[in-house]
Amino acid sequence: MKEYQTITEISGPLVFAEVDEPVGYDEIVEIETEDGRTLRGQVLESSEGIVSIQVFEGTGGIDRNASVRFLGETMKMPVTEDLLGRVLDGSGNPIDGGPEIVPDDRQDIVGKAINPYSREYPEEFIQTGVSAIDGMNTLVRGQKLPIFSGSGLPHNELALQIARQATVPEEDEEGDGSEFAVIFGAMGITAEEANEFMDDFERTGALERSVVFMNLADDPAVERQVTPRLALTTAEYLAFEKDYHVLVILTDMTNYCEALREIGAAREEVPGRRGYPGYMYTDLAQLYERAGRIEGKEGSVTQIPILTMPGDDDTHPIPDLTGYITEGQIMMDRDLNSQGIEPPVNVLPSLSRLMDDGIGEGLTREDHGDVSDQMYAAYAEGEDLRDLVNIVGREALSERDNKFLDFADRFEEEFVQQGYDTNRSIDETLEIGWDLLSDLPKEALNRVDEELIAEHYREDESEAAEVTADD
Amino acid sequence: MSQAEDIESVDEDGVIESVSGPVVTATDLDARMNDVVYVGDEGLMGEVIEIEGNLTTIQVYEETSGVGPGEPVQNTGEPLSVDLGPGMLDSIYDGVQRPLDVLEEKMGTAFLDRGVDAPGIDLEKEWEFTPEVEEGDAVEPGDVVGVVEETVTIDHKVMVPPDYEGGDVTAIEHGEFNVEETVVELDNGEEIQMHQEWPVREARPAGDKETPTEPLVTGQRVQDGLFPLAKGGTAAIPGPFGSGKTVTQQQLAKWSDADIVVYIGCGERGNEMTEVIEDFPELPDPQTGNPLMARTCLIANTSNMPVAARESCIYTGITIAEYYRDMGYDVALMADSTSRWAEAMREISSRLEEMPGEEGYPAYLAAALSEFYERAGKFQLMNGGEGSISVVGAVSPPGGDFSEPVTQNTLRIVKTFWALDADLAERRHFPSINWNESYSLYKDQLDPWWESNVAGDWADTRQWAVDILDEEDELQEIVQLVGKDALPEDQQLTMEIARYIREAWLQQNALHDVDTYCEPEKTYRMLGAIKTFNDEAFDALDAGVPVEEIQDVDAAPQLNRMGTAEEWEEFIDEIENDLKEQLRALY
């Protein structure tokens, strides 16, 4: 290992150094400052004679006399099953005062693409206990389903609720414990938010089956590039070598993308939309695509990335590119939040692309698909009518229209609204659905199979009232 | 250069100068533009994209972590080519035509390693070759010399390669051979194997283009009925995320009446490709009943696979499509999504520090797009036959904004535009093709086909539906202000008819066993039934029946069940009778 004292330029998070031996692209670098601190970085560009290095901890304190060591390998994550229950910093060092980690293996954090031919199509229903998700935007094992939120919205509460409640009902019955191992990757969140998460993990005992990676708001921004990759490498190891079902929560992807932009700017790259680098799609895909199932492997990686949309704008490059890669999105809504709906999920712009294969007879219930389609259509119609009511008033509307308006209200107040501690089974969710649909005239249910209407539609209003009374 | 060739024979070595992501520069490399090179100690595949003095710039099709200056670069002296021959159907390739199943086997893991090469077609496998020419026959480039049963559906035609001279057949074999053995010899010494190579960035030669007059029947009502695509035509499907681009593309791949389907997953999701790989072998081809995979070639370069291979996968796909076209087949090529391809160009271009055009895309974006779409068409072939390539490109505009460069440059070229609409998708109106924005410029030239093959008044019936939808669009503005009940009765009725056209006819459930495919006759009859309702209802209205009573007849909601009805002919007959009876009973 050769040591150089040849730094020629320091600029933002980048350091340029002269070398006399070739250095590999992406290789890990250690920089030792004169006061004895060791900083880590990564080779961003390697040319004959000169390399540019991106320093994770920031370049503060580095001067031209600092020494640079090239470790001759790309960045690795030490992995072991013992990581469960541990809290690490954004670079993977333990910060919980526990024993040193003895790795079973050291794995490349960039990760390799899963061969599409070797994947297994995800179709196992995950019951999150949240009606807006289970009923309308079902999550399945191996899916990547982000939460699109905004500043000040309760996305953390929803993520925690999912982490707490997620089970696969089928396996629950067999009693072989279908709880998920949770990998939590925090990028640039505040210490307060971090405490909330940690308190909840400790209160519910979830920490035992979790690995926490913490890059806080005051930690170096460049480190955010590494944190999700460490988290996902750990997730892949647990899933595909140790047979765990892993749920990865990454928050907040917006901070990650900001860090990406910062480095791009420091490298004087040609910027893409809104100053974000042109390769952001590829970069994000390399994170999000590390979810899934592999044929012949027991475990799975399911991802719930959280991002806050700047200005609640879903056409902003971060949510936009994310939406093109992930398999749907759960959309949080500011209006519903101010109405006190918990969780404030707006189902209309939300979507789960893998839903259709994860529901139905033998998976959830035969009527699931039709009920969800019909509720979508009816809620959308009710929403449209609300605009009209503002202009002409309710009296001017037909009886049919009024029923759809009522439906939209009840849908928000009874179906979506449930609170962060209520865990509804899929049966309960669908029954509430039928309850609401039974308020509509039978002929209006054009998305539902006639036999299913005959079986589930509540002819008698009073009977319907009874079922809702107890929740 | 194709992987089928031996690489040992090359000796012009260069040395890596610098590495930055997928872009590598090398010195002392004697290479031409677009030559394929092997980079570094691991031999990663790359392509020459810029030459400046002694410095050669290479885009590498594999991950470059750990590669450093000083490592060797080998030139193959050949441009990026595909292996063409029997065995391409029922296969799944990455962007540079490496079969993914072979890669899995060679790498021994589910993760894609690098530096592993595999030929695009199995060189060992023996195929039964049946000659179609005799000794002494004169053959020209493009002529068919024999056939091989490639799959149960498709006979693979072995042709004289287009870059041969042609001549008299002096020797011909019959029986089982692998693709590298010579099966036909010509008097000028040329030898013909079942396998050809072709550089992907060069269109295979063909005769003149013709005006397409036959529709690509898709089995999708909104497409066949309102915005048809011709065999040999081009179409674009732009839409924001979640509007159903991929499902629409997959429906076309499943149900359109092409002979061969080439499906390119360019920079899209891994799980989606897996779904295709798992579903297609089990689904029957609506024309032949054989498994769909028997006519399908898949190219999967998912979003996390190397970006340079994403740039090339479109070319790999269209070259394979051209090869089957040369056999006289009607080929349909689906590219999902061309935006990812454009972004790959942008990414490479910005690493080369080229001067950017609009929104950072390279200035040659428009040229690259039009060059690609121009490779579609209905062609006179070199051997006198006819073949076609229809191209359907999905576009993923950022933020769903159709004014961005990729959408705009695509729209300037393609003649069918299926605009996907997020609003429709949100209310689960699928396929979410917006009927006000979409268009097909093939409509008029295809009408004679529909009229002689399906129904004489096809065009008139379609126009009637378009008029009703237009009228609804106008009325909707008034309804937004005053409410539906304030409209005069005849307009209320028109709104009701338009609702049935939207909900019962335009909507189609891709997940329903019956509704997923709708033959043209059924498409026509379903619209006919709604028109019957229209005609009878207006008669009733004229006779003084209140509009509420007309809307409430029992048979009307049955229109919504036409799509899913199995015995649709009886079902539609019955509805039409019931409608007539019930409406006439009101007056």
# chains A, B, ... in the order shown; residues from 1 in each chain; ligands from 1
call {"tool": "interface_residues", "arguments": {"of": "chain B", "to": "chain A", "cutoff": "8 Å", "atoms": "only C-alpha atoms", "output": "NGL selection string"}}
result
:B and (17-21 or 64-70 or 92 or 100-101 or 104 or 110-113 or 241-242 or 268-271 or 273-275 or 277-278 or 300 or 302-305 or 307 or 343 or 346-347 or 350 or 353 or 359-360 or 396 or 398-400 or 426-428 or 480-485 or 557 or 560)
call {"tool": "select_by_dssp", "arguments": {"residues": "segment 128-362 of chain A", "states": "helix (DSSP H, G or I)", "output": "PyMOL selection string"}}
result
chain A and resi 131-134+155-165+169-174+191-203+206-209+221-225+227-240+253-266+273-275+280-288+310-312+317-325+334-338+355-358
call {"tool": "atom_distance", "arguments": {"atom1": "atom CA of Ala309 of chain B", "atom2": "atom CA of Gln97 of chain B"}}
result
9.5 Å
call {"tool": "closest_residue", "arguments": {"among": "B:Asp513, B:Asp187, B:Asp257, B:Glu180", "to": "Leu216 of chain B", "atoms": "only C-alpha atoms"}}
result
B:Asp257
call {"tool": "closest_residue", "arguments": {"among": "B:Glu62, B:Asp168, B:Glu581, B:Asp224", "to": "Asp143 of chain B", "atoms": "only C-alpha atoms"}}
result
B:Asp168
call {"tool": "atom_distance", "arguments": {"atom1": "atom CA of Pro310 of chain A", "atom2": "atom CA of Phe184 of chain A"}}
result
22.6 Å
call {"tool": "residues_around", "arguments": {"residues": "Gly129 of chain A", "least_positions_apart": "3", "cutoff": "8 Å", "atoms": "only C-alpha atoms", "output": "PyMOL selection string"}}
result
chain A and resi 134+162+165-166+422-426
call {"tool": "write_last_selection", "arguments": {"atoms": "N, CA, C and O atoms", "output": "compact mmCIF listing (two decimals), in the first residue's frame"}}
result
# COMPACT_ATOMS: atom_id res chain seq x y z
N ASP A 134 -53.39 -1.85 2.20
CA ASP A 134 -53.81 -3.24 1.95
C ASP A 134 -54.96 -3.33 0.96
O ASP A 134 -54.97 -4.16 0.07
N ILE A 162 -46.02 0.55 9.51
CA ILE A 162 -45.82 -0.56 8.59
C ILE A 162 -44.75 -1.50 9.14
O ILE A 162 -44.93 -2.72 9.17
N GLN A 165 -46.31 -3.54 11.97
CA GLN A 165 -47.46 -4.43 11.75
C GLN A 165 -47.28 -5.42 10.60
O GLN A 165 -48.04 -6.38 10.49
N ALA A 166 -46.32 -5.18 9.72
CA ALA A 166 -46.24 -5.99 8.51
C ALA A 166 -46.06 -7.47 8.80
O ALA A 166 -45.16 -7.87 9.52
N THR A 422 -54.04 1.21 14.97
CA THR A 422 -55.03 0.20 14.61
C THR A 422 -54.43 -0.72 13.56
O THR A 422 -53.88 -0.26 12.57
N ASN A 423 -54.57 -2.00 13.81
CA ASN A 423 -54.06 -2.98 12.86
C ASN A 423 -55.25 -3.75 12.29
O ASN A 423 -55.84 -4.58 12.96
N ARG A 424 -55.63 -3.43 11.05
CA ARG A 424 -56.82 -4.07 10.48
C ARG A 424 -56.41 -5.26 9.62
O ARG A 424 -55.50 -5.16 8.79
N SER A 425 -57.11 -6.36 9.76
CA SER A 425 -56.86 -7.50 8.89
C SER A 425 -57.46 -7.19 7.52
O SER A 425 -58.29 -6.30 7.39
N ILE A 426 -57.05 -7.93 6.52
CA ILE A 426 -57.55 -7.66 5.18
C ILE A 426 -59.06 -7.89 5.11
O ILE A 426 -59.78 -7.19 4.40
call {"tool": "residues_around", "arguments": {"residues": "Leu292 of chain B", "least_positions_apart": "5", "cutoff": "6 Å", "atoms": "only C-alpha atoms", "output": "ChimeraX atom specification"}}
result
/B:280-281,283-285
call {"tool": "write_last_selection", "arguments": {"atoms": "N, CA, C and O atoms", "output": "short mmCIF file (atom, residue, chain, number, x, y, z; two decimals), in the first residue's frame"}}
result
data_model
loop_
_atom_site.label_atom_id
_atom_site.label_comp_id
_atom_site.auth_asym_id
_atom_site.auth_seq_id
_atom_site.Cartn_x
_atom_site.Cartn_y
_atom_site.Cartn_z
N PHE B 280 -45.18 -15.11 -20.44
CA PHE B 280 -45.28 -15.38 -21.87
C PHE B 280 -45.22 -16.86 -22.25
O PHE B 280 -45.92 -17.28 -23.15
N PRO B 281 -44.37 -17.65 -21.59
CA PRO B 281 -44.36 -19.06 -21.98
C PRO B 281 -45.69 -19.75 -21.72
O PRO B 281 -46.00 -20.76 -22.33
N LEU B 283 -48.79 -18.16 -21.80
CA LEU B 283 -49.92 -17.59 -22.53
C LEU B 283 -49.95 -18.13 -23.95
O LEU B 283 -48.93 -18.31 -24.59
N PRO B 284 -51.15 -18.38 -24.47
CA PRO B 284 -51.25 -18.83 -25.85
C PRO B 284 -51.25 -17.65 -26.82
O PRO B 284 -51.78 -16.60 -26.54
N ASP B 285 -50.60 -17.84 -27.94
CA ASP B 285 -50.62 -16.88 -29.03
C ASP B 285 -52.05 -16.89 -29.63
O ASP B 285 -52.53 -17.95 -30.00
#
call {"tool": "residues_around", "arguments": {"residues": "Glu149 of chain B", "least_positions_apart": "6", "cutoff": "8 Å", "atoms": "only C-alpha atoms", "output": "PyMOL selection string"}}
result
chain B and resi 127-128+155-156
call {"tool": "write_last_selection", "arguments": {"atoms": "N, CA and C atoms", "output": "short mmCIF file (atom, residue, chain, number, x, y, z; two decimals), in the first residue's frame"}}
result
data_model
loop_
_atom_site.label_atom_id
_atom_site.label_comp_id
_atom_site.auth_asym_id
_atom_site.auth_seq_id
_atom_site.Cartn_x
_atom_site.Cartn_y
_atom_site.Cartn_z
N TRP B 127 -29.59 -28.08 -35.80
CA TRP B 127 -30.92 -27.80 -36.31
C TRP B 127 -31.14 -28.61 -37.58
N GLU B 128 -32.38 -29.01 -37.82
CA GLU B 128 -32.72 -29.76 -39.04
C GLU B 128 -32.86 -28.76 -40.18
N ASP B 155 -41.03 -20.83 -38.83
CA ASP B 155 -40.00 -21.43 -39.67
C ASP B 155 -38.93 -20.38 -39.92
N HIS B 156 -37.73 -20.72 -39.53
CA HIS B 156 -36.62 -19.80 -39.71
C HIS B 156 -36.06 -19.98 -41.12
#
call {"tool": "select_by_dssp", "arguments": {"residues": "segment 108-296 of chain B", "states": "strand (DSSP E or B)", "output": "ChimeraX atom specification"}}
result
/B:111,126-131,138-139,144-149,155-159,167-172,175-178,182-186,191-193,196-199,209-210,215,230,234-238,260-266,284,291,296
call {"tool": "residues_around", "arguments": {"residues": "Thr151 of chain B", "least_positions_apart": "2", "cutoff": "10 Å", "atoms": "only C-alpha atoms", "output": "list of chain:residue names"}}
result
B:Pro86, B:Gly87, B:Met88, B:Leu89, B:Asp90, B:Val148, B:Glu149, B:Thr153, B:Ile154, B:Asp155, B:His156, B:Asn290, B:Pro291, B:Met293, B:Ala294, B:Arg295
call {"tool": "closest_residue", "arguments": {"among": "A:Arg106, A:Asp89, A:Asp35, A:Leu71", "to": "Lys2 of chain A", "atoms": "only C-alpha atoms"}}
result
A:Leu71
call {"tool": "closest_residue", "arguments": {"among": "B:Val547, B:Tyr524, B:Ala138, B:Val454", "to": "Leu493 of chain B", "atoms": "only C-alpha atoms"}}
result
B:Val547
call {"tool": "residues_around", "arguments": {"residues": "Arg375 of chain B", "least_positions_apart": "3", "cutoff": "8 Å", "atoms": "only C-alpha atoms", "output": "list in words"}}
result
Ala203, Ile318, Glu371, Phe372 and Ile389 of chain B
call {"tool": "decode", "arguments": {"residues": "segment 105-149 of chain B", "atoms": "N, CA and C atoms", "output": "PDB file, in the first residue's frame"}}
result
ATOM      1  N   GLU B 105     -25.976 -19.352 -15.773  1.00  0.00           N
ATOM      2  CA  GLU B 105     -25.305 -20.637 -15.661  1.00  0.00           C
ATOM      3  C   GLU B 105     -23.790 -20.454 -15.559  1.00  0.00           C
ATOM      4  N   LYS B 106     -23.243 -19.594 -16.423  1.00  0.00           N
ATOM      5  CA  LYS B 106     -21.798 -19.403 -16.440  1.00  0.00           C
ATOM      6  C   LYS B 106     -21.288 -18.729 -15.172  1.00  0.00           C
ATOM      7  N   MET B 107     -22.084 -17.803 -14.635  1.00  0.00           N
ATOM      8  CA  MET B 107     -21.630 -17.058 -13.462  1.00  0.00           C
ATOM      9  C   MET B 107     -21.930 -17.805 -12.177  1.00  0.00           C
ATOM     10  N   GLY B 108     -22.874 -18.711 -12.242  1.00  0.00           N
ATOM     11  CA  GLY B 108     -23.212 -19.501 -11.065  1.00  0.00           C
ATOM     12  C   GLY B 108     -23.863 -18.697  -9.957  1.00  0.00           C
ATOM     13  N   THR B 109     -24.416 -17.529 -10.277  1.00  0.00           N
ATOM     14  CA  THR B 109     -25.086 -16.725  -9.258  1.00  0.00           C
ATOM     15  C   THR B 109     -26.219 -15.942  -9.908  1.00  0.00           C
ATOM     16  N   ALA B 110     -27.132 -15.471  -9.061  1.00  0.00           N
ATOM     17  CA  ALA B 110     -28.255 -14.709  -9.579  1.00  0.00           C
ATOM     18  C   ALA B 110     -27.854 -13.274  -9.888  1.00  0.00           C
ATOM     19  N   PHE B 111     -26.649 -12.885  -9.469  1.00  0.00           N
ATOM     20  CA  PHE B 111     -26.211 -11.503  -9.706  1.00  0.00           C
ATOM     21  C   PHE B 111     -25.321 -11.461 -10.942  1.00  0.00           C
ATOM     22  N   LEU B 112     -25.433 -10.375 -11.688  1.00  0.00           N
ATOM     23  CA  LEU B 112     -24.684 -10.264 -12.932  1.00  0.00           C
ATOM     24  C   LEU B 112     -23.240  -9.866 -12.659  1.00  0.00           C
ATOM     25  N   ASP B 113     -22.336 -10.765 -12.947  1.00  0.00           N
ATOM     26  CA  ASP B 113     -20.922 -10.520 -12.807  1.00  0.00           C
ATOM     27  C   ASP B 113     -20.429  -9.846 -14.072  1.00  0.00           C
ATOM     28  N   ARG B 114     -19.142  -9.515 -14.102  1.00  0.00           N
ATOM     29  CA  ARG B 114     -18.678  -8.886 -15.330  1.00  0.00           C
ATOM     30  C   ARG B 114     -17.564  -9.695 -15.968  1.00  0.00           C
ATOM     31  N   GLY B 115     -17.261  -9.304 -17.206  1.00  0.00           N
ATOM     32  CA  GLY B 115     -16.185  -9.986 -17.903  1.00  0.00           C
ATOM     33  C   GLY B 115     -16.567 -11.369 -18.401  1.00  0.00           C
ATOM     34  N   VAL B 116     -17.872 -11.695 -18.384  1.00  0.00           N
ATOM     35  CA  VAL B 116     -18.314 -12.995 -18.879  1.00  0.00           C
ATOM     36  C   VAL B 116     -18.987 -12.784 -20.231  1.00  0.00           C
ATOM     37  N   ASP B 117     -18.595 -13.565 -21.184  1.00  0.00           N
ATOM     38  CA  ASP B 117     -19.136 -13.392 -22.517  1.00  0.00           C
ATOM     39  C   ASP B 117     -19.888 -14.655 -22.934  1.00  0.00           C
ATOM     40  N   ALA B 118     -20.859 -14.480 -23.798  1.00  0.00           N
ATOM     41  CA  ALA B 118     -21.567 -15.650 -24.310  1.00  0.00           C
ATOM     42  C   ALA B 118     -22.132 -15.290 -25.672  1.00  0.00           C
ATOM     43  N   PRO B 119     -22.065 -16.205 -26.618  1.00  0.00           N
ATOM     44  CA  PRO B 119     -22.611 -15.905 -27.938  1.00  0.00           C
ATOM     45  C   PRO B 119     -24.120 -15.744 -27.893  1.00  0.00           C
ATOM     46  N   GLY B 120     -24.661 -14.938 -28.810  1.00  0.00           N
ATOM     47  CA  GLY B 120     -26.097 -14.674 -28.830  1.00  0.00           C
ATOM     48  C   GLY B 120     -26.929 -15.886 -29.188  1.00  0.00           C
ATOM     49  N   ILE B 121     -26.364 -16.798 -29.968  1.00  0.00           N
ATOM     50  CA  ILE B 121     -27.103 -18.026 -30.256  1.00  0.00           C
ATOM     51  C   ILE B 121     -26.216 -19.211 -29.924  1.00  0.00           C
ATOM     52  N   ASP B 122     -26.849 -20.311 -29.624  1.00  0.00           N
ATOM     53  CA  ASP B 122     -26.139 -21.518 -29.246  1.00  0.00           C
ATOM     54  C   ASP B 122     -25.381 -22.059 -30.463  1.00  0.00           C
ATOM     55  N   LEU B 123     -24.051 -22.102 -30.356  1.00  0.00           N
ATOM     56  CA  LEU B 123     -23.266 -22.506 -31.527  1.00  0.00           C
ATOM     57  C   LEU B 123     -23.174 -24.023 -31.664  1.00  0.00           C
ATOM     58  N   GLU B 124     -23.493 -24.725 -30.592  1.00  0.00           N
ATOM     59  CA  GLU B 124     -23.359 -26.182 -30.609  1.00  0.00           C
ATOM     60  C   GLU B 124     -24.622 -26.855 -31.134  1.00  0.00           C
ATOM     61  N   LYS B 125     -25.752 -26.215 -30.819  1.00  0.00           N
ATOM     62  CA  LYS B 125     -27.026 -26.885 -31.075  1.00  0.00           C
ATOM     63  C   LYS B 125     -27.209 -27.201 -32.561  1.00  0.00           C
ATOM     64  N   GLU B 126     -27.714 -28.411 -32.823  1.00  0.00           N
ATOM     65  CA  GLU B 126     -27.942 -28.801 -34.213  1.00  0.00           C
ATOM     66  C   GLU B 126     -29.395 -28.592 -34.600  1.00  0.00           C
ATOM     67  N   TRP B 127     -29.587 -28.076 -35.804  1.00  0.00           N
ATOM     68  CA  TRP B 127     -30.923 -27.804 -36.313  1.00  0.00           C
ATOM     69  C   TRP B 127     -31.141 -28.614 -37.584  1.00  0.00           C
ATOM     70  N   GLU B 128     -32.376 -29.011 -37.822  1.00  0.00           N
ATOM     71  CA  GLU B 128     -32.721 -29.755 -39.038  1.00  0.00           C
ATOM     72  C   GLU B 128     -32.861 -28.755 -40.179  1.00  0.00           C
ATOM     73  N   PHE B 129     -31.946 -28.836 -41.154  1.00  0.00           N
ATOM     74  CA  PHE B 129     -31.948 -27.903 -42.285  1.00  0.00           C
ATOM     75  C   PHE B 129     -32.613 -28.558 -43.493  1.00  0.00           C
ATOM     76  N   THR B 130     -33.648 -27.909 -44.033  1.00  0.00           N
ATOM     77  CA  THR B 130     -34.329 -28.415 -45.226  1.00  0.00           C
ATOM     78  C   THR B 130     -34.094 -27.438 -46.368  1.00  0.00           C
ATOM     79  N   PRO B 131     -33.357 -27.875 -47.408  1.00  0.00           N
ATOM     80  CA  PRO B 131     -33.042 -26.950 -48.493  1.00  0.00           C
ATOM     81  C   PRO B 131     -34.272 -26.559 -49.297  1.00  0.00           C
ATOM     82  N   GLU B 132     -34.236 -25.370 -49.867  1.00  0.00           N
ATOM     83  CA  GLU B 132     -35.316 -24.929 -50.732  1.00  0.00           C
ATOM     84  C   GLU B 132     -34.796 -24.595 -52.125  1.00  0.00           C
ATOM     85  N   VAL B 133     -33.492 -24.833 -52.340  1.00  0.00           N
ATOM     86  CA  VAL B 133     -32.937 -24.632 -53.675  1.00  0.00           C
ATOM     87  C   VAL B 133     -32.249 -25.936 -54.092  1.00  0.00           C
ATOM     88  N   GLU B 134     -31.947 -26.028 -55.359  1.00  0.00           N
ATOM     89  CA  GLU B 134     -31.254 -27.210 -55.847  1.00  0.00           C
ATOM     90  C   GLU B 134     -29.928 -26.803 -56.445  1.00  0.00           C
ATOM     91  N   GLU B 135     -29.072 -27.787 -56.617  1.00  0.00           N
ATOM     92  CA  GLU B 135     -27.788 -27.523 -57.252  1.00  0.00           C
ATOM     93  C   GLU B 135     -28.020 -26.896 -58.617  1.00  0.00           C
ATOM     94  N   GLY B 136     -27.247 -25.867 -58.926  1.00  0.00           N
ATOM     95  CA  GLY B 136     -27.394 -25.222 -60.227  1.00  0.00           C
ATOM     96  C   GLY B 136     -28.310 -24.010 -60.201  1.00  0.00           C
ATOM     97  N   ASP B 137     -29.147 -23.882 -59.150  1.00  0.00           N
ATOM     98  CA  ASP B 137     -30.016 -22.697 -59.047  1.00  0.00           C
ATOM     99  C   ASP B 137     -29.165 -21.446 -58.824  1.00  0.00           C
ATOM    100  N   ALA B 138     -29.584 -20.363 -59.421  1.00  0.00           N
ATOM    101  CA  ALA B 138     -28.899 -19.104 -59.170  1.00  0.00           C
ATOM    102  C   ALA B 138     -29.562 -18.408 -57.980  1.00  0.00           C
ATOM    103  N   VAL B 139     -28.747 -17.965 -57.028  1.00  0.00           N
ATOM    104  CA  VAL B 139     -29.317 -17.259 -55.869  1.00  0.00           C
ATOM    105  C   VAL B 139     -28.652 -15.893 -55.718  1.00  0.00           C
ATOM    106  N   GLU B 140     -29.439 -14.956 -55.211  1.00  0.00           N
ATOM    107  CA  GLU B 140     -28.929 -13.603 -54.987  1.00  0.00           C
ATOM    108  C   GLU B 140     -28.998 -13.279 -53.500  1.00  0.00           C
ATOM    109  N   PRO B 141     -28.320 -12.199 -53.078  1.00  0.00           N
ATOM    110  CA  PRO B 141     -28.403 -11.826 -51.655  1.00  0.00           C
ATOM    111  C   PRO B 141     -29.858 -11.681 -51.215  1.00  0.00           C
ATOM    112  N   GLY B 142     -30.181 -12.210 -50.057  1.00  0.00           N
ATOM    113  CA  GLY B 142     -31.541 -12.123 -49.541  1.00  0.00           C
ATOM    114  C   GLY B 142     -32.392 -13.329 -49.889  1.00  0.00           C
ATOM    115  N   ASP B 143     -31.964 -14.111 -50.893  1.00  0.00           N
ATOM    116  CA  ASP B 143     -32.770 -15.271 -51.281  1.00  0.00           C
ATOM    117  C   ASP B 143     -32.754 -16.344 -50.202  1.00  0.00           C
ATOM    118  N   VAL B 144     -33.864 -17.043 -50.097  1.00  0.00           N
ATOM    119  CA  VAL B 144     -33.982 -18.107 -49.113  1.00  0.00           C
ATOM    120  C   VAL B 144     -33.416 -19.401 -49.711  1.00  0.00           C
ATOM    121  N   VAL B 145     -32.467 -20.015 -48.997  1.00  0.00           N
ATOM    122  CA  VAL B 145     -31.905 -21.258 -49.510  1.00  0.00           C
ATOM    123  C   VAL B 145     -32.428 -22.484 -48.754  1.00  0.00           C
ATOM    124  N   GLY B 146     -33.042 -22.282 -47.627  1.00  0.00           N
ATOM    125  CA  GLY B 146     -33.560 -23.413 -46.877  1.00  0.00           C
ATOM    126  C   GLY B 146     -34.306 -22.942 -45.638  1.00  0.00           C
ATOM    127  N   VAL B 147     -34.983 -23.883 -44.958  1.00  0.00           N
ATOM    128  CA  VAL B 147     -35.693 -23.499 -43.737  1.00  0.00           C
ATOM    129  C   VAL B 147     -35.323 -24.412 -42.580  1.00  0.00           C
ATOM    130  N   VAL B 148     -35.504 -23.853 -41.383  1.00  0.00           N
ATOM    131  CA  VAL B 148     -35.262 -24.575 -40.141  1.00  0.00           C
ATOM    132  C   VAL B 148     -36.477 -24.329 -39.277  1.00  0.00           C
ATOM    133  N   GLU B 149     -37.007 -25.367 -38.654  1.00  0.00           N
ATOM    134  CA  GLU B 149     -38.130 -25.122 -37.742  1.00  0.00           C
ATOM    135  C   GLU B 149     -37.545 -24.587 -36.443  1.00  0.00           C
TER     136      GLU B 149
END
